[in-house]
>>> print(open('work_12.tsv').read())   # TSV, C-alpha atoms and all ligand atoms
chain	number	residue	atom	x	y	z
L	194	MET	CA	-21.01	19.69	279.53
L	195	LYS	CA	-18.97	17.91	282.15
L	196	MET	CA	-20.58	15.94	284.97
L	197	ILE	CA	-17.32	15.09	286.72
L	198	GLU	CA	-14.07	17.02	286.53
L	199	ALA	CA	-11.34	15.61	288.74
L	200	LYS	CA	-7.94	17.33	288.71
L	201	ASN	CA	-4.78	15.75	290.06
L	202	VAL	CA	-6.61	13.91	292.82
L	203	LYS	CA	-4.39	12.25	295.39
L	204	LYS	CA	-5.40	10.09	298.30
L	205	TYR	CA	-2.59	9.12	300.64
L	206	PHE	CA	-3.41	6.99	303.67
L	207	PRO	CA	-0.87	7.56	306.46
L	208	LEU	CA	0.72	4.40	307.82
L	209	LYS	CA	1.46	3.79	311.47
L	210	LYS	CA	5.01	4.83	312.34
L	211	SER	CA	7.38	1.99	313.07
L	212	ILE	CA	10.76	1.94	314.82
L	213	LEU	CA	12.42	1.14	311.52
L	214	SER	CA	11.01	4.04	309.54
L	215	ARG	CA	11.95	7.52	310.60
L	216	ASN	CA	9.89	9.27	307.95
L	217	ASP	CA	6.15	9.45	307.60
L	218	ARG	CA	5.05	6.73	305.22
L	219	TYR	CA	1.93	6.64	303.12
L	220	LEU	CA	-0.11	4.21	301.13
L	221	LYS	CA	-0.70	6.06	297.88
L	222	ALA	CA	-4.13	4.80	296.86
L	223	LEU	CA	-4.56	7.58	294.28
L	224	ASP	CA	-1.45	9.31	293.02
L	225	GLY	CA	-2.69	12.13	290.79
L	226	ILE	CA	-5.86	11.22	288.91
L	227	SER	CA	-7.33	13.62	286.38
L	228	LEU	CA	-10.57	12.47	284.89
L	229	GLU	CA	-13.36	14.24	283.05
L	230	ILE	CA	-16.72	12.62	282.46
L	231	GLU	CA	-19.18	14.21	280.06
L	232	LYS	CA	-22.87	14.32	280.89
L	233	GLY	CA	-24.90	11.40	279.61
L	234	VAL	CA	-21.87	9.18	279.12
L	235	ILE	CA	-21.07	5.76	280.58
L	236	HIS	CA	-17.44	5.99	281.61
L	237	SER	CA	-15.68	2.98	283.09
L	238	LEU	CA	-12.77	2.96	285.48
L	239	VAL	CA	-11.02	-0.37	285.07
L	240	GLY	CA	-8.15	-1.87	287.05
L	241	GLU	CA	-7.01	-4.77	289.17
L	242	THR	CA	-7.79	-5.10	292.84
L	243	GLY	CA	-6.14	-2.41	294.93
L	244	SER	CA	-5.68	0.02	292.03
L	245	GLY	CA	-7.79	2.69	293.76
L	246	LYS	CA	-11.15	2.40	291.98
L	247	THR	CA	-13.36	2.43	295.06
L	248	THR	CA	-11.29	5.17	296.68
L	249	PHE	CA	-11.96	7.37	293.65
L	250	GLY	CA	-15.70	6.54	293.73
L	251	ARG	CA	-15.89	7.43	297.42
L	252	ILE	CA	-14.24	10.79	296.76
L	253	VAL	CA	-16.68	11.62	293.96
L	254	MET	CA	-19.53	10.67	296.35
L	255	ALA	CA	-17.92	13.09	298.84
L	256	LEU	CA	-17.70	10.27	301.36
L	257	THR	CA	-14.04	11.08	301.95
L	258	PRO	CA	-11.94	14.12	300.99
L	259	PRO	CA	-8.88	13.79	298.74
L	260	THR	CA	-5.44	14.50	300.21
L	261	SER	CA	-5.03	17.03	297.41
L	262	GLY	CA	-6.58	17.92	294.08
L	263	THR	CA	-10.08	19.08	293.18
L	264	VAL	CA	-13.30	17.38	292.18
L	265	LYS	CA	-16.14	19.23	290.50
L	266	VAL	CA	-19.56	17.71	289.97
L	267	ASP	CA	-21.57	19.63	287.37
L	268	GLY	CA	-19.18	22.53	287.82
L	269	ILE	CA	-19.50	22.64	291.60
L	270	ASP	CA	-16.35	22.15	293.66
L	271	LEU	CA	-17.32	19.28	296.00
L	272	PHE	CA	-14.92	19.97	298.81
L	273	SER	CA	-15.58	23.65	299.27
L	274	LEU	CA	-19.30	23.19	299.88
L	275	LYS	CA	-21.29	24.01	302.97
L	276	LYS	CA	-23.30	21.21	304.55
L	277	ASN	CA	-26.65	22.18	303.03
L	278	GLU	CA	-25.11	22.64	299.58
L	279	MET	CA	-23.52	19.21	299.95
L	280	LYS	CA	-26.95	17.75	300.69
L	281	LEU	CA	-28.30	19.18	297.45
L	282	ILE	CA	-25.49	17.74	295.37
L	283	ARG	CA	-25.65	14.35	297.13
L	284	LYS	CA	-29.26	14.07	296.02
L	285	ARG	CA	-28.08	14.16	292.42
L	286	ILE	CA	-25.60	11.31	292.88
L	287	GLN	CA	-26.39	7.73	293.83
L	288	ILE	CA	-24.07	4.81	294.37
L	289	ILE	CA	-24.63	1.12	293.71
L	290	PHE	CA	-22.25	-1.23	295.51
L	291	GLN	CA	-21.03	-4.69	294.71
L	292	ASP	CA	-22.81	-6.05	297.74
L	293	PRO	CA	-26.49	-5.03	297.80
L	294	TYR	CA	-26.38	-5.43	301.56
L	295	SER	CA	-24.32	-2.26	301.71
L	296	SER	CA	-27.20	-0.25	300.24
L	297	LEU	CA	-30.17	-2.17	301.61
L	298	ASN	CA	-30.84	-2.21	305.32
L	299	PRO	CA	-31.61	-5.86	306.19
L	300	LYS	CA	-34.11	-4.70	308.80
L	301	LEU	CA	-36.18	-2.70	306.32
L	302	LYS	CA	-38.68	-4.06	303.84
L	303	ILE	CA	-37.93	-3.20	300.22
L	304	ARG	CA	-40.67	-0.59	300.20
L	305	ALA	CA	-39.06	1.26	303.11
L	306	SER	CA	-35.58	0.97	301.61
L	307	ILE	CA	-36.82	2.61	298.43
L	308	THR	CA	-38.88	5.36	300.04
L	309	GLU	CA	-36.37	6.27	302.76
L	310	PRO	CA	-34.08	8.38	300.52
L	311	LEU	CA	-37.15	10.00	298.94
L	312	LYS	CA	-38.43	11.07	302.35
L	313	LEU	CA	-35.00	12.23	303.48
L	314	ASN	CA	-34.73	14.42	300.41
L	315	HIS	CA	-38.32	15.67	300.57
L	316	VAL	CA	-39.20	14.17	297.21
L	317	LYS	CA	-42.94	13.72	296.67
L	318	PHE	CA	-43.92	10.18	295.71
L	319	ASP	CA	-46.93	7.91	295.50
L	320	GLU	CA	-47.58	4.18	295.34
L	321	LYS	CA	-47.54	4.17	291.54
L	322	MET	CA	-44.08	5.69	291.40
L	323	VAL	CA	-42.73	3.12	293.84
L	324	THR	CA	-44.37	0.31	291.86
L	325	ASP	CA	-43.04	1.66	288.57
L	326	VAL	CA	-39.45	1.93	289.71
L	327	VAL	CA	-39.49	-1.57	291.22
L	328	GLU	CA	-40.96	-3.05	288.05
L	329	SER	CA	-38.52	-1.09	285.87
L	330	VAL	CA	-35.67	-3.13	287.35
L	331	GLY	CA	-37.47	-6.38	286.60
L	332	LEU	CA	-39.09	-7.11	289.96
L	333	LYS	CA	-42.58	-7.89	288.64
L	334	PRO	CA	-45.22	-7.68	289.93
L	335	ALA	CA	-43.91	-5.16	292.44
L	336	SER	CA	-46.49	-6.30	295.00
L	337	ASP	CA	-44.60	-9.60	295.30
L	338	TYR	CA	-41.46	-7.81	296.45
L	339	LEU	CA	-42.32	-4.56	298.22
L	340	ASP	CA	-43.15	-6.22	301.52
L	341	ARG	CA	-40.19	-8.57	301.59
L	342	PHE	CA	-37.01	-8.15	303.58
L	343	PRO	CA	-33.70	-8.35	301.64
L	344	GLY	CA	-33.02	-11.67	303.38
L	345	GLU	CA	-36.13	-13.11	301.74
L	346	MET	CA	-34.83	-12.52	298.22
L	347	SER	CA	-32.13	-14.03	296.01
L	348	GLY	CA	-28.85	-12.18	295.44
L	349	GLY	CA	-29.96	-11.07	291.97
L	350	GLN	CA	-33.29	-9.79	293.27
L	351	ARG	CA	-31.53	-7.91	296.05
L	352	GLN	CA	-29.22	-6.21	293.57
L	353	ARG	CA	-32.26	-5.23	291.49
L	354	ALA	CA	-33.85	-3.74	294.60
L	355	ALA	CA	-30.64	-1.81	295.36
L	356	ILE	CA	-30.71	-0.42	291.82
L	357	ALA	CA	-34.38	0.52	292.18
L	358	ARG	CA	-33.47	2.39	295.35
L	359	ALA	CA	-30.76	4.31	293.51
L	360	PHE	CA	-32.99	5.04	290.48
L	361	ALA	CA	-36.02	6.13	292.57
L	362	ILE	CA	-34.55	9.51	293.34
L	363	SER	CA	-33.85	10.18	289.63
L	364	PRO	CA	-30.14	10.83	290.07
L	365	GLU	CA	-28.13	12.56	287.38
L	366	LEU	CA	-25.02	10.55	288.20
L	367	ILE	CA	-24.77	6.92	289.22
L	368	ILE	CA	-21.55	5.50	290.57
L	369	ALA	CA	-21.77	1.74	290.11
L	370	ASP	CA	-18.94	0.01	292.00
L	371	GLU	CA	-18.63	-3.56	290.70
L	372	PRO	CA	-22.42	-3.74	290.28
L	373	VAL	CA	-22.41	-7.19	288.71
L	374	SER	CA	-19.50	-9.00	290.28
L	375	MET	CA	-21.72	-10.71	292.85
L	376	VAL	CA	-24.58	-11.27	290.42
L	377	ASP	CA	-24.99	-14.59	288.65
L	378	VAL	CA	-23.24	-14.56	285.25
L	379	SER	CA	-26.50	-15.46	283.50
L	380	ILE	CA	-28.18	-12.19	284.50
L	381	ARG	CA	-25.20	-9.82	284.30
L	382	ALA	CA	-26.17	-8.60	280.85
L	383	ASP	CA	-29.67	-7.74	282.15
L	384	PHE	CA	-28.16	-5.42	284.75
L	385	LEU	CA	-25.82	-3.76	282.34
L	386	ASN	CA	-28.65	-3.29	279.84
L	387	LEU	CA	-30.72	-1.71	282.58
L	388	LEU	CA	-27.98	0.83	283.23
L	389	ARG	CA	-27.64	1.47	279.50
L	390	GLU	CA	-31.40	1.95	278.99
L	391	THR	CA	-31.65	4.40	281.88
L	392	ASN	CA	-28.57	6.20	280.62
L	393	LYS	CA	-30.20	6.64	277.19
L	394	ARG	CA	-33.69	7.46	278.42
L	395	GLU	CA	-32.76	9.93	281.14
L	396	ASN	CA	-29.35	11.11	280.00
L	397	LEU	CA	-27.98	9.52	283.16
L	398	THR	CA	-24.22	9.78	283.61
L	399	VAL	CA	-22.63	6.56	284.86
L	400	LEU	CA	-19.22	6.05	286.43
L	401	LEU	CA	-18.84	2.29	286.16
L	402	ILE	CA	-16.16	0.84	288.40
L	403	THR	CA	-15.05	-2.66	287.48
L	404	HIS	CA	-12.01	-4.94	287.46
L	405	ASP	CA	-13.48	-6.63	284.40
L	406	LEU	CA	-12.65	-5.09	281.03
L	407	PHE	CA	-15.28	-7.31	279.43
L	408	VAL	CA	-17.99	-5.78	281.61
L	409	ALA	CA	-16.68	-2.31	280.75
L	410	SER	CA	-16.62	-3.11	277.04
L	411	TYR	CA	-20.26	-4.18	277.19
L	412	ILE	CA	-21.79	-0.78	277.88
L	413	SER	CA	-19.12	1.93	278.12
L	414	ASP	CA	-18.69	4.91	275.87
L	415	LYS	CA	-15.30	5.65	277.39
L	416	ILE	CA	-12.82	3.65	279.42
L	417	SER	CA	-10.00	4.73	281.73
L	418	VAL	CA	-7.47	2.14	282.84
L	419	LEU	CA	-6.13	2.57	286.35
L	420	TYR	CA	-2.88	1.03	287.56
L	421	LEU	CA	-1.61	1.56	291.12
L	422	GLY	CA	-3.37	4.86	291.61
L	423	LYS	CA	-2.62	6.36	288.19
L	424	ILE	CA	-4.55	6.37	284.93
L	425	VAL	CA	-2.29	4.73	282.35
L	426	GLU	CA	-4.64	4.90	279.37
L	427	GLU	CA	-7.94	6.46	278.40
L	428	GLY	CA	-9.99	6.49	275.26
L	429	SER	CA	-13.26	5.62	273.60
L	430	LYS	CA	-14.36	2.03	274.07
L	431	GLU	CA	-13.08	1.27	270.56
L	432	ASP	CA	-9.69	2.86	271.27
L	433	ILE	CA	-9.24	0.72	274.35
L	434	ILE	CA	-10.68	-2.56	273.10
L	435	GLU	CA	-9.51	-2.48	269.48
L	436	ARG	CA	-6.42	-0.27	269.58
L	437	PRO	CA	-5.00	-0.50	273.09
L	438	LEU	CA	-1.61	1.20	273.46
L	439	HIS	CA	-0.44	0.53	276.99
L	440	PRO	CA	1.08	-2.92	277.60
L	441	TYR	CA	-1.04	-3.16	280.75
L	442	THR	CA	-4.26	-2.60	278.80
L	443	GLN	CA	-3.08	-5.11	276.21
L	444	ALA	CA	-2.43	-7.66	278.93
L	445	LEU	CA	-5.83	-7.06	280.53
L	446	LEU	CA	-7.43	-7.63	277.14
L	447	ASP	CA	-5.46	-10.78	276.54
L	448	SER	CA	-6.73	-12.23	279.77
L	449	ILE	CA	-10.23	-12.12	278.28
L	450	PRO	CA	-10.32	-14.74	275.51
L	451	ILE	CA	-13.36	-13.20	273.74
L	452	LEU	CA	-11.67	-9.80	273.49
L	453	GLY	CA	-8.06	-10.99	273.24
L	454	MET	CA	-5.76	-9.65	270.60
L	455	GLY	CA	-4.74	-13.09	269.37
L	456	GLU	CA	-1.47	-12.72	267.50
L	457	ARG	CA	0.11	-10.27	269.94
L	458	GLU	CA	-0.23	-11.96	273.27
L	459	VAL	CA	1.03	-9.83	276.14
L	460	LYS	CA	1.72	-11.65	279.35
L	461	ILE	CA	2.26	-9.73	282.56
L	462	LYS	CA	4.42	-11.10	285.27
L	463	GLY	CA	3.52	-11.34	288.92
L	464	GLU	CA	1.09	-9.50	291.10
L	465	ILE	CA	0.22	-5.85	291.41
L	466	PRO	CA	2.78	-4.35	293.89
L	467	ASN	CA	1.47	-2.63	297.00
L	468	PRO	CA	0.98	1.11	296.80
L	469	ILE	CA	3.36	1.77	299.72
L	470	ASP	CA	6.65	1.16	297.95
L	471	LEU	CA	5.86	2.22	294.43
L	472	PRO	CA	8.30	1.16	291.70
L	473	SER	CA	10.63	3.88	290.35
L	474	GLY	CA	10.05	5.39	286.92
L	475	CYS	CA	7.01	3.84	285.27
L	476	ARG	CA	5.10	2.07	288.02
L	477	PHE	CA	4.27	-0.75	285.61
L	478	HIS	CA	7.89	-1.47	284.60
L	479	PRO	CA	8.54	-4.50	286.89
L	480	ARG	CA	5.68	-6.35	285.18
L	481	CYS	CA	6.09	-4.99	281.67
L	482	PRO	CA	7.45	-7.30	278.94
L	483	PHE	CA	8.76	-4.28	276.99
L	484	SER	CA	10.51	-2.36	279.76
L	485	GLU	CA	13.80	-0.56	279.00
L	486	ASP	CA	16.27	1.40	281.16
L	487	LYS	CA	14.29	4.58	280.63
L	488	CYS	CA	11.18	2.91	282.09
L	489	ARG	CA	13.00	2.14	285.34
L	490	GLN	CA	14.23	5.72	285.70
L	491	ILE	CA	11.71	8.16	284.32
L	492	GLU	CA	7.99	8.32	284.96
L	493	PRO	CA	6.28	8.53	281.57
L	494	GLU	CA	4.16	11.57	280.80
L	495	TYR	CA	0.43	11.11	280.20
L	496	ARG	CA	-0.03	12.27	276.61
L	497	GLU	CA	-2.74	12.47	273.96
L	498	ILE	CA	-1.61	10.23	271.11
L	499	LYS	CA	-4.67	10.60	268.95
L	500	ARG	CA	-7.76	12.75	269.56
L	501	GLY	CA	-9.21	11.58	272.85
L	502	HIS	CA	-6.81	8.65	273.22
L	503	PHE	CA	-4.32	9.18	276.06
L	504	VAL	CA	-1.49	6.97	277.28
L	505	ALA	CA	1.36	7.13	279.78
L	506	CYS	CA	4.06	4.93	278.25
L	507	HIS	CA	7.60	5.51	276.90
L	508	LEU	CA	6.88	3.25	273.92
L	509	TYR	CA	4.90	6.04	272.27
H	601	LIG	N1	-9.38	3.53	304.59
H	601	LIG	C1	-8.24	3.03	304.14
H	601	LIG	N2	-7.11	3.05	304.89
H	601	LIG	C2	-5.94	2.56	304.43
H	601	LIG	N3	-5.78	2.04	303.20
H	601	LIG	C3	-6.85	1.99	302.40
H	601	LIG	C4	-8.14	2.48	302.82
H	601	LIG	N4	-9.02	2.29	301.79
H	601	LIG	C5	-8.32	1.71	300.79
H	601	LIG	N5	-7.03	1.53	301.14
H	601	LIG	C6	-5.97	0.97	300.29
H	601	LIG	O1	-5.94	1.75	299.10
H	601	LIG	C7	-5.66	0.94	297.97
H	601	LIG	C8	-6.78	1.10	296.95
H	601	LIG	O2	-7.95	0.55	297.49
H	601	LIG	P1	-9.34	0.53	296.72
H	601	LIG	O3	-10.34	-0.11	297.61
H	601	LIG	O4	-9.65	1.91	296.23
H	601	LIG	O5	-9.02	-0.41	295.48
H	601	LIG	P2	-10.00	-1.05	294.39
H	601	LIG	O6	-9.41	-0.76	293.06
H	601	LIG	O7	-11.40	-0.61	294.64
H	601	LIG	O8	-9.83	-2.61	294.69
H	601	LIG	P3	-10.93	-3.80	294.59
H	601	LIG	O9	-10.98	-4.20	293.13
H	601	LIG	O10	-10.33	-4.88	295.44
H	601	LIG	O11	-12.24	-3.30	295.10
H	601	LIG	C9	-5.53	-0.48	298.50
H	601	LIG	O12	-4.16	-0.77	298.65
H	601	LIG	C10	-6.23	-0.44	299.82
H	601	LIG	O13	-5.70	-1.40	300.71
H	602	MG	MG	-13.17	-1.64	295.10
>>> encode(input="work_12.tsv", output="structure tokens")
Amino acid sequence: MKMIEAKNVKKYFPLKKSILSRNDRYLKALDGISLEIEKGVIHSLVGETGSGKTTFGRIVMALTPPTSGTVKVDGIDLFSLKKNEMKLIRKRIQIIFQDPYSSLNPKLKIRASITEPLKLNHVKFDEKMVTDVVESVGLKPASDYLDRFPGEMSGGQRQRAAIARAFAISPELIIADEPVSMVDVSIRADFLNLLRETNKRENLTVLLITHDLFVASYISDKISVLYLGKIVEEGSKEDIIERPLHPYTQALLDSIPILGMGEREVKIKGEIPNPIDLPSGCRFHPRCPFSEDKCRQIEPEYREIKRGHFVACHLY
């Protein structure tokens, strides 16, 4: 059963017209993403800054419509829903942001932040349930935290509270957008374990958005690698970490010493280009150590190389 089914999703942001450009110009944040996420799976979307990760997460949360393409959540087409149907589906999806301040209102005590979405969605709750969910994210005893404001807690505690808020409503899908990048390194594993435990216990589906392949490798079942608005490789965690095919994935791995491939070091040149003037052919070719004429001219097809392992690269 599929929790998310995205087909050829594009998100083009129109640019202001200038005297120099006669044509409409666009920033192509997502340039045709197809992604399927099975229920109960932790699926990571990995890529450098500006690759389109958050834009994709926002579309799946129905916070913004795609320019074209379709997104189904549990078989329901998100962007053909009426308002009340949208409310029902929203209740099943929660998002955790990098910055807990984006999900916690600084003017509300933790208790209110956690109960607010429950009230809004007419979910019955009692004190025990609130206490349980707060303690389940490691804020123990809950009574020490429920009456605090976010400003009265450490960054790590705030992120725990934001996760408790997302968990309270028992979502079926969590979109975690860089959930640990602002959390102290020493407690990152705790957070990821928390996601993993909830995923196992409640068959929670997780779309984990991260620029850090090491974070993705820690808890993911599947990994998709995004480059400039396109998925360049996708496979099981083992496929991506142990048998990466795309030179971009290989380079990302090599930048992480613990996961690096050792003998076959792949260095990428320069910075990620901006998504306004995309390179011709394969969009990775200007940075690819293996690029040939073909790569400059023809966009590689996204193909299944081995069961479940996809890549868009002329080398294969
Ligand atoms: N509302 C917007 N209007 C115009 N351009 C946007 C908008 N939102 C995002 N972009 C652009 O779209 C591209 C993708 O942005 P996005 O935030 O999805 O990337 P990301 O992979 O989440 O990056 P990061 O790792 O920095 O969070 C970027 O070039 C960004 O500047
Ligand atoms: Mg982002």
>>> atom_distance(input="work_12.tsv", atom1="atom O9 of ligand LIG 601 (chain H)", atom2="CA of Pro482 in chain L")
23.5 Å
>>> residues_near_ligand(input="work_12.tsv", ligand="ligand MG 602 (chain H)", cutoff="9 Å", atoms="all atoms listed in the file", output="CSV table (one decimal) with C-alpha atoms, keeping the file's coordinate frame")
chain,number,residue,atom,x,y,z
L,242,THR,CA,-7.8,-5.1,292.8
L,243,GLY,CA,-6.1,-2.4,294.9
L,244,SER,CA,-5.7,0.0,292.0
L,245,GLY,CA,-7.8,2.7,293.8
L,246,LYS,CA,-11.2,2.4,292.0
L,247,THR,CA,-13.4,2.4,295.1
L,248,THR,CA,-11.3,5.2,296.7
L,250,GLY,CA,-15.7,6.5,293.7
L,291,GLN,CA,-21.0,-4.7,294.7
L,370,ASP,CA,-18.9,0.0,292.0
L,371,GLU,CA,-18.6,-3.6,290.7
L,402,ILE,CA,-16.2,0.8,288.4
L,403,THR,CA,-15.0,-2.7,287.5
L,404,HIS,CA,-12.0,-4.9,287.5
>>> closest_atom_pairs(input="work_12.tsv", of="chain L", to="ligand LIG 601 (chain H)", cutoff="12 Å", atoms="all atoms listed in the file", output="CSV")
residue,atom,partner,partner_atom,distance
L:Lys203,CA,H:LIG601,O1,11.2
L:Lys204,CA,H:LIG601,O1,8.4
L:Tyr205,CA,H:LIG601,N3,8.2
L:Phe206,CA,H:LIG601,C2,5.2
L:Pro207,CA,H:LIG601,C2,7.4
L:Leu208,CA,H:LIG601,C2,7.7
L:Lys209,CA,H:LIG601,C2,10.3
L:Arg218,CA,H:LIG601,C2,11.8
L:Tyr219,CA,H:LIG601,C2,9.0
L:Leu220,CA,H:LIG601,N3,6.4
L:Lys221,CA,H:LIG601,O1,6.9
L:Ala222,CA,H:LIG601,O1,4.2
L:Leu223,CA,H:LIG601,C8,7.4
L:Asp224,CA,H:LIG601,C8,10.5
L:Leu238,CA,H:LIG601,O6,9.1
L:Val239,CA,H:LIG601,O6,8.2
L:Gly240,CA,H:LIG601,O6,6.2
L:Glu241,CA,H:LIG601,O9,5.6
L:Thr242,CA,H:LIG601,O9,3.3
L:Gly243,CA,H:LIG601,O5,3.5
L:Ser244,CA,H:LIG601,O6,3.9
L:Gly245,CA,H:LIG601,O4,3.2
L:Lys246,CA,H:LIG601,O6,3.8
L:Thr247,CA,H:LIG601,O7,3.6
L:Thr248,CA,H:LIG601,O4,3.7
L:Phe249,CA,H:LIG601,O4,6.5
L:Gly250,CA,H:LIG601,O4,8.0
L:Arg251,CA,H:LIG601,O4,8.4
L:Ile252,CA,H:LIG601,O4,10.0
L:Leu256,CA,H:LIG601,N1,11.2
L:Thr257,CA,H:LIG601,N1,9.3
L:Pro258,CA,H:LIG601,N1,11.5
L:Pro259,CA,H:LIG601,N1,11.8
L:Phe290,CA,H:LIG601,O11,10.2
L:Gln291,CA,H:LIG601,O11,8.9
L:Asp292,CA,H:LIG601,O11,11.2
L:Ala369,CA,H:LIG601,O7,11.6
L:Asp370,CA,H:LIG601,O7,8.0
L:Glu371,CA,H:LIG601,O11,7.8
L:Pro372,CA,H:LIG601,O11,11.3
L:Ser374,CA,H:LIG601,O9,10.2
L:Leu401,CA,H:LIG601,O7,11.6
L:Ile402,CA,H:LIG601,O7,8.0
L:Thr403,CA,H:LIG601,O9,7.1
L:His404,CA,H:LIG601,O9,5.8
L:Asp405,CA,H:LIG601,O9,9.4
L:Val418,CA,H:LIG601,O6,10.8
L:Leu419,CA,H:LIG601,O6,8.2
L:Tyr420,CA,H:LIG601,O6,8.7
L:Leu421,CA,H:LIG601,C8,7.8
L:Gly422,CA,H:LIG601,C8,7.4
L:Lys423,CA,H:LIG601,O6,11.0
L:Ile424,CA,H:LIG601,O6,11.9
L:Ile465,CA,H:LIG601,O12,9.9
L:Pro466,CA,H:LIG601,O12,9.1
L:Asn467,CA,H:LIG601,O12,6.2
L:Pro468,CA,H:LIG601,O12,5.8
L:Ile469,CA,H:LIG601,O12,8.0
L:Asp470,CA,H:LIG601,O12,11.0
L:Leu471,CA,H:LIG601,O12,11.3
>>> closest_residue(input="work_12.tsv", among="L:Ile226, L:Val234, L:Ile461, L:Cys475", to="Leu400 in chain L", atoms="all atoms listed in the file")
L:Val234
>>> closest_residue(input="work_12.tsv", among="L:His236, L:His315, L:Lys276, L:His478", to="Ser413 in chain L", atoms="all atoms listed in the file")
L:His236
>>> axis_aligned_box(input="work_12.tsv", around="range 346-354 of chain L", padding_each_side="8 Å", output="JSON")
{"center_x": -31.8, "center_y": -8.9, "center_z": 294.9, "size_x": 22.0, "size_y": 26.3, "size_z": 22.7}
>>> residues_around(input="work_12.tsv", residues="Leu438 in chain L", least_positions_apart="2", cutoff="9 Å", atoms="only C-alpha atoms", output="VMD selection string")
chain L and resid 426 432 to 433 436 440 to 443 503 to 504 506 508 to 509
>>> closest_residue(input="work_12.tsv", among="L:Leu281, L:Ile288, L:Ala354, L:Leu332", to="Leu313 in chain L", atoms="only C-alpha atoms")
L:Leu281
>>> closest_residue(input="work_12.tsv", among="L:Asn298, L:Ser273, L:Ser379, L:Thr398", to="Gly349 in chain L", atoms="all atoms listed in the file")
L:Ser379
>>> residues_around(input="work_12.tsv", residues="Leu228 in chain L", least_positions_apart="6", cutoff="8 Å", atoms="only C-alpha atoms", output="list in words")
Ile197, Glu198, Ala199 and Lys200 of chain L
>>> decode(input="work_12.tsv", residues="range 492-506 of chain L", atoms="N, CA and C atoms", output="compact mmCIF listing (two decimals), in the first residue's frame")
# COMPACT_ATOMS: atom_id res chain seq x y z
N GLU L 492 19.71 14.58 -21.91
CA GLU L 492 19.31 14.34 -20.52
C GLU L 492 19.14 12.83 -20.31
N PRO L 493 19.83 12.27 -19.33
CA PRO L 493 19.74 10.81 -19.15
C PRO L 493 18.35 10.39 -18.66
N GLU L 494 17.92 9.23 -19.12
CA GLU L 494 16.64 8.68 -18.67
C GLU L 494 16.80 8.12 -17.26
N TYR L 495 15.71 8.14 -16.50
CA TYR L 495 15.71 7.57 -15.16
C TYR L 495 15.30 6.11 -15.30
N ARG L 496 16.21 5.18 -15.04
CA ARG L 496 15.94 3.78 -15.33
C ARG L 496 16.19 2.87 -14.14
N GLU L 497 15.47 1.76 -14.11
CA GLU L 497 15.67 0.76 -13.06
C GLU L 497 16.82 -0.14 -13.50
N ILE L 498 17.90 -0.15 -12.73
CA ILE L 498 19.09 -0.91 -13.09
C ILE L 498 19.00 -2.31 -12.49
N LYS L 499 18.52 -2.34 -11.28
CA LYS L 499 18.34 -3.60 -10.57
C LYS L 499 17.04 -3.42 -9.81
N ARG L 500 16.35 -4.48 -9.47
CA ARG L 500 15.06 -4.36 -8.80
C ARG L 500 15.07 -3.29 -7.70
N GLY L 501 14.29 -2.23 -7.93
CA GLY L 501 14.15 -1.20 -6.92
C GLY L 501 15.27 -0.18 -6.87
N HIS L 502 16.29 -0.36 -7.71
CA HIS L 502 17.42 0.58 -7.71
C HIS L 502 17.41 1.37 -9.03
N PHE L 503 17.09 2.66 -8.93
CA PHE L 503 16.93 3.50 -10.12
C PHE L 503 18.06 4.51 -10.21
N VAL L 504 18.44 4.86 -11.44
CA VAL L 504 19.44 5.90 -11.61
C VAL L 504 19.22 6.63 -12.93
N ALA L 505 19.57 7.91 -12.94
CA ALA L 505 19.54 8.70 -14.17
C ALA L 505 20.96 9.09 -14.50
N CYS L 506 21.66 8.25 -15.28
CA CYS L 506 23.06 8.53 -15.60
C CYS L 506 23.45 7.76 -16.85
